[in-house]
Amino acid sequence: MKNYLQQVSDKETEILLDLLEKYSDVEGDVVEFGCYKGDTSVKFQKYLQKNTNKTLWIYDSFEGLPKKTVEDASSAGDNFKEGELFVTKREVIEKFKKAGIRIPRIRKNFFENLDPASDLPEKISYAFLDGDLYGSIKTSLNLVLPKFTSNGVIVVHDYNNPELPGSARAVDEFMAVHKNFALQKRETLAIISMAK
């Protein structure tokens with residue numbers, strides 16, 4: 001199990017960056033729902049800035065986690081409470097400045113309050129969804145889908161994390177409705193792409 005403070009493991013980060021490279025020629029921008037301290041965001045931006053002309057869009061409440069729902073109840077304990085994982089937008093911006101790279105488009109809001117017309121890119125080729133909880137993952141999947149480029153990829157974090165069962169539930173519900181997608185599991189990542 002990964003360190004509680006290291007939200008995305010080194011192995012998962014390697015997979016995310018491999019997928020970013022694999023899908024870099026697909027039309028559309030890159031989105032990250034739930035950036036926390038911006039560690040993966042900085043890695044994404046470094047790659048995109050060096051290798052593509054894509055824009056990175058990142059989303060976070062910058063107020064910590066929302067309240068859990070019944071779908072998030074876990075026998076593994078009661079970690080990830082409301083308000084946990086709090087970080088400021090300024091802290092994330094400073095991380096980009098320190099790395100000497102462009103600041104991405106950052107939207108501060110809970111996902112359900114985002115405006116799809118103004119807060120999301122026209123087309124999305126790569127989406128990393130790390131909202132931890134059922135409602136956040138379900139909402140971000142619903143936001144990404146209408147803008148999703150058919151040959152792109154959606155990656156959901158915490159798919160088989162026993163402390164965050166809502167993530168898997170949201171993905172499984174999505175897959176049950178959208179039969180044209182295929183699901184691959186690696187580490188705690190659910191990798192969703194169009195079925196061949």
# chains A, B, ... in the order shown; residues from 1 in each chain; ligands from 1
call {"tool": "residues_around", "arguments": {"residues": "A:Lys147", "least_positions_apart": "6", "cutoff": "9 Å", "atoms": "only C-alpha atoms", "output": "ChimeraX atom specification"}}
result
/A:28,116,120-125
call {"tool": "residues_around", "arguments": {"residues": "A:Leu20", "least_positions_apart": "6", "cutoff": "12 Å", "atoms": "only C-alpha atoms", "output": "list in words"}}
result
Thr13, Glu14, Val26, Gly28, Asp29, Val30, Val31, Glu32, Thr40, Ser41, Lys43, Phe44, Gln45, Lys46, Tyr47, Leu48, Asn51, Thr52, Lys54, Leu56, Ser125, Tyr126, Ala127, Phe128, Gly152, Val153, Ile154, Val155 and Ile191 of chain A
call {"tool": "closest_residue", "arguments": {"among": "A:Asp39, A:Glu63, A:Glu112, A:Asp119", "to": "A:Gln7", "atoms": "only C-alpha atoms"}}
result
A:Asp39
call {"tool": "residues_around", "arguments": {"residues": "stretch 171-180 of chain A", "least_positions_apart": "2", "cutoff": "12 Å", "atoms": "only C-alpha atoms", "output": "ChimeraX atom specification"}}
result
/A:71,129-130,132-142,145,150-151,154-160,165-169,182-185,189-196
call {"tool": "write_last_selection", "arguments": {"atoms": "C-alpha atoms", "output": "PDB file, in the first residue's frame"}}
result
ATOM      1  CA  GLU A  71     -20.900   4.609  -1.485  1.00  0.00           C
ATOM      2  CA  LEU A 129      -9.261  11.408 -12.339  1.00  0.00           C
ATOM      3  CA  ASP A 130      -8.028  11.412  -8.749  1.00  0.00           C
ATOM      4  CA  ASP A 132     -10.824   9.788  -4.282  1.00  0.00           C
ATOM      5  CA  LEU A 133     -14.557   9.613  -3.535  1.00  0.00           C
ATOM      6  CA  TYR A 134     -17.584   8.201  -5.358  1.00  0.00           C
ATOM      7  CA  GLY A 135     -19.268  11.532  -6.116  1.00  0.00           C
ATOM      8  CA  SER A 136     -16.058  13.161  -7.318  1.00  0.00           C
ATOM      9  CA  ILE A 137     -15.174  10.299  -9.675  1.00  0.00           C
ATOM     10  CA  LYS A 138     -18.730   9.976 -10.999  1.00  0.00           C
ATOM     11  CA  THR A 139     -18.964  13.721 -11.612  1.00  0.00           C
ATOM     12  CA  SER A 140     -15.565  13.939 -13.306  1.00  0.00           C
ATOM     13  CA  LEU A 141     -16.405  10.976 -15.576  1.00  0.00           C
ATOM     14  CA  ASN A 142     -19.631  12.745 -16.582  1.00  0.00           C
ATOM     15  CA  LEU A 145     -17.255  12.054 -21.463  1.00  0.00           C
ATOM     16  CA  SER A 150     -12.739   8.608 -29.008  1.00  0.00           C
ATOM     17  CA  ASN A 151      -9.181   7.280 -29.223  1.00  0.00           C
ATOM     18  CA  ILE A 154      -9.248   8.056 -19.031  1.00  0.00           C
ATOM     19  CA  VAL A 155      -7.274   6.943 -15.973  1.00  0.00           C
ATOM     20  CA  VAL A 156      -8.983   6.699 -12.579  1.00  0.00           C
ATOM     21  CA  HIS A 157      -6.913   6.487  -9.404  1.00  0.00           C
ATOM     22  CA  ASP A 158      -7.731   4.351  -6.338  1.00  0.00           C
ATOM     23  CA  TYR A 159      -9.713   1.796  -8.327  1.00  0.00           C
ATOM     24  CA  ASN A 160      -8.892  -1.089  -6.003  1.00  0.00           C
ATOM     25  CA  PRO A 165     -14.251   1.893  -2.502  1.00  0.00           C
ATOM     26  CA  GLY A 166     -16.345   4.708  -4.003  1.00  0.00           C
ATOM     27  CA  SER A 167     -13.803   5.156  -6.777  1.00  0.00           C
ATOM     28  CA  ALA A 168     -14.287   1.575  -7.992  1.00  0.00           C
ATOM     29  CA  ARG A 169     -18.043   1.812  -7.631  1.00  0.00           C
ATOM     30  CA  ALA A 182     -12.799  -1.319 -22.163  1.00  0.00           C
ATOM     31  CA  LEU A 183     -11.245  -1.414 -18.685  1.00  0.00           C
ATOM     32  CA  GLN A 184      -7.684  -2.396 -17.827  1.00  0.00           C
ATOM     33  CA  LYS A 185      -6.378  -2.441 -14.231  1.00  0.00           C
ATOM     34  CA  LEU A 189      -5.340   2.592 -11.688  1.00  0.00           C
ATOM     35  CA  ALA A 190      -8.387   1.894 -13.821  1.00  0.00           C
ATOM     36  CA  ILE A 191      -7.450   2.601 -17.442  1.00  0.00           C
ATOM     37  CA  ILE A 192     -10.516   3.248 -19.613  1.00  0.00           C
ATOM     38  CA  SER A 193     -10.337   3.426 -23.400  1.00  0.00           C
ATOM     39  CA  MET A 194     -12.594   2.656 -26.323  1.00  0.00           C
ATOM     40  CA  ALA A 195     -13.084  -1.070 -26.868  1.00  0.00           C
ATOM     41  CA  LYS A 196     -11.289  -2.385 -29.952  1.00  0.00           C
TER      42      LYS A 196
END
call {"tool": "closest_residue", "arguments": {"among": "A:Phe148, A:Asp10, A:Gly38, A:Glu21", "to": "A:Lys97", "atoms": "only C-alpha atoms"}}
result
A:Gly38
call {"tool": "select_by_dssp", "arguments": {"residues": "chain A", "states": "strand (DSSP E or B)", "output": "ChimeraX atom specification"}}
result
/A:29-33,56-60,105-108,124-129,148-156,181-186,189-194
call {"tool": "decode", "arguments": {"residues": "stretch 131-145 of chain A", "atoms": "all heavy atoms", "output": "CSV table (one decimal), in the first residue's frame"}}
result
chain,number,residue,atom,x,y,z
A,131,GLY,N,-10.1,12.0,-7.7
A,131,GLY,CA,-11.0,12.7,-6.8
A,131,GLY,C,-11.3,11.9,-5.5
A,131,GLY,O,-12.0,12.3,-4.6
A,132,ASP,N,-10.8,10.6,-5.5
A,132,ASP,CA,-10.8,9.8,-4.3
A,132,ASP,C,-12.2,9.2,-3.9
A,132,ASP,O,-12.3,8.1,-3.6
A,132,ASP,CB,-10.3,10.5,-3.0
A,132,ASP,CG,-8.8,10.9,-3.2
A,132,ASP,OD1,-8.0,10.1,-3.7
A,132,ASP,OD2,-8.4,12.0,-2.7
A,133,LEU,N,-13.2,10.0,-4.0
A,133,LEU,CA,-14.6,9.6,-3.5
A,133,LEU,C,-15.5,9.4,-4.7
A,133,LEU,O,-15.4,9.9,-5.8
A,133,LEU,CB,-15.1,10.7,-2.6
A,133,LEU,CG,-14.2,11.0,-1.4
A,133,LEU,CD1,-14.9,12.1,-0.5
A,133,LEU,CD2,-13.9,9.8,-0.6
A,134,TYR,N,-16.6,8.6,-4.4
A,134,TYR,CA,-17.6,8.2,-5.4
A,134,TYR,C,-18.1,9.4,-6.1
A,134,TYR,O,-18.1,9.4,-7.4
A,134,TYR,CB,-18.7,7.5,-4.7
A,134,TYR,CG,-19.9,7.2,-5.5
A,134,TYR,CD1,-19.9,6.1,-6.4
A,134,TYR,CD2,-21.0,8.0,-5.5
A,134,TYR,CE1,-21.0,5.8,-7.2
A,134,TYR,CE2,-22.1,7.7,-6.3
A,134,TYR,CZ,-22.1,6.6,-7.2
A,134,TYR,OH,-23.2,6.3,-8.0
A,135,GLY,N,-18.6,10.4,-5.4
A,135,GLY,CA,-19.3,11.5,-6.1
A,135,GLY,C,-18.3,12.3,-7.0
A,135,GLY,O,-18.7,12.7,-8.1
A,136,SER,N,-17.1,12.4,-6.5
A,136,SER,CA,-16.1,13.2,-7.3
A,136,SER,C,-15.7,12.4,-8.6
A,136,SER,O,-15.5,13.0,-9.7
A,136,SER,CB,-14.8,13.4,-6.5
A,136,SER,OG,-15.1,14.2,-5.3
A,137,ILE,N,-15.5,11.1,-8.5
A,137,ILE,CA,-15.2,10.3,-9.7
A,137,ILE,C,-16.3,10.3,-10.6
A,137,ILE,O,-16.2,10.4,-11.9
A,137,ILE,CB,-14.7,8.9,-9.3
A,137,ILE,CG1,-13.4,8.9,-8.4
A,137,ILE,CG2,-14.5,8.0,-10.5
A,137,ILE,CD1,-12.2,9.5,-9.1
A,138,LYS,N,-17.5,10.0,-10.1
A,138,LYS,CA,-18.7,10.0,-11.0
A,138,LYS,C,-18.9,11.3,-11.7
A,138,LYS,O,-19.2,11.3,-12.9
A,138,LYS,CB,-20.0,9.6,-10.2
A,138,LYS,CG,-21.2,9.5,-11.0
A,138,LYS,CD,-22.4,9.0,-10.2
A,138,LYS,CE,-23.6,8.8,-11.1
A,138,LYS,NZ,-24.6,7.9,-10.5
A,139,THR,N,-18.8,12.4,-11.0
A,139,THR,CA,-19.0,13.7,-11.6
A,139,THR,C,-17.9,14.0,-12.7
A,139,THR,O,-18.2,14.5,-13.8
A,139,THR,CB,-18.9,14.8,-10.5
A,139,THR,OG1,-20.0,14.6,-9.6
A,139,THR,CG2,-19.1,16.2,-11.1
A,140,SER,N,-16.6,13.7,-12.3
A,140,SER,CA,-15.6,13.9,-13.3
A,140,SER,C,-15.7,13.1,-14.6
A,140,SER,O,-15.5,13.5,-15.7
A,140,SER,CB,-14.2,13.8,-12.7
A,140,SER,OG,-14.0,12.6,-12.0
A,141,LEU,N,-16.1,11.8,-14.4
A,141,LEU,CA,-16.4,11.0,-15.6
A,141,LEU,C,-17.5,11.6,-16.5
A,141,LEU,O,-17.4,11.7,-17.7
A,141,LEU,CB,-16.8,9.6,-15.2
A,141,LEU,CG,-15.7,8.6,-14.7
A,141,LEU,CD1,-16.3,7.4,-14.0
A,141,LEU,CD2,-14.9,8.2,-15.9
A,142,ASN,N,-18.5,12.1,-15.8
A,142,ASN,CA,-19.6,12.7,-16.6
A,142,ASN,C,-19.2,14.1,-17.2
A,142,ASN,O,-19.7,14.4,-18.3
A,142,ASN,CB,-20.8,13.0,-15.7
A,142,ASN,CG,-21.5,11.7,-15.3
A,142,ASN,OD1,-21.5,10.7,-16.0
A,142,ASN,ND2,-22.2,11.7,-14.1
A,143,LEU,N,-18.3,14.8,-16.6
A,143,LEU,CA,-17.8,16.0,-17.2
A,143,LEU,C,-16.8,15.7,-18.4
A,143,LEU,O,-16.9,16.4,-19.5
A,143,LEU,CB,-17.0,16.8,-16.2
A,143,LEU,CG,-17.8,17.5,-15.2
A,143,LEU,CD1,-16.9,18.0,-14.0
A,143,LEU,CD2,-18.6,18.7,-15.8
A,144,VAL,N,-16.0,14.7,-18.3
A,144,VAL,CA,-15.0,14.3,-19.4
A,144,VAL,C,-15.7,13.7,-20.6
A,144,VAL,O,-15.4,14.0,-21.7
A,144,VAL,CB,-14.0,13.4,-18.8
A,144,VAL,CG1,-13.1,12.7,-19.9
A,144,VAL,CG2,-13.1,14.1,-17.8
A,145,LEU,N,-16.7,12.9,-20.4
A,145,LEU,CA,-17.3,12.1,-21.5
A,145,LEU,C,-17.7,12.9,-22.7
A,145,LEU,O,-17.3,12.5,-23.8
A,145,LEU,CB,-18.4,11.2,-20.9
A,145,LEU,CG,-18.9,10.2,-21.9
A,145,LEU,CD1,-17.8,9.2,-22.4
A,145,LEU,CD2,-20.1,9.4,-21.3
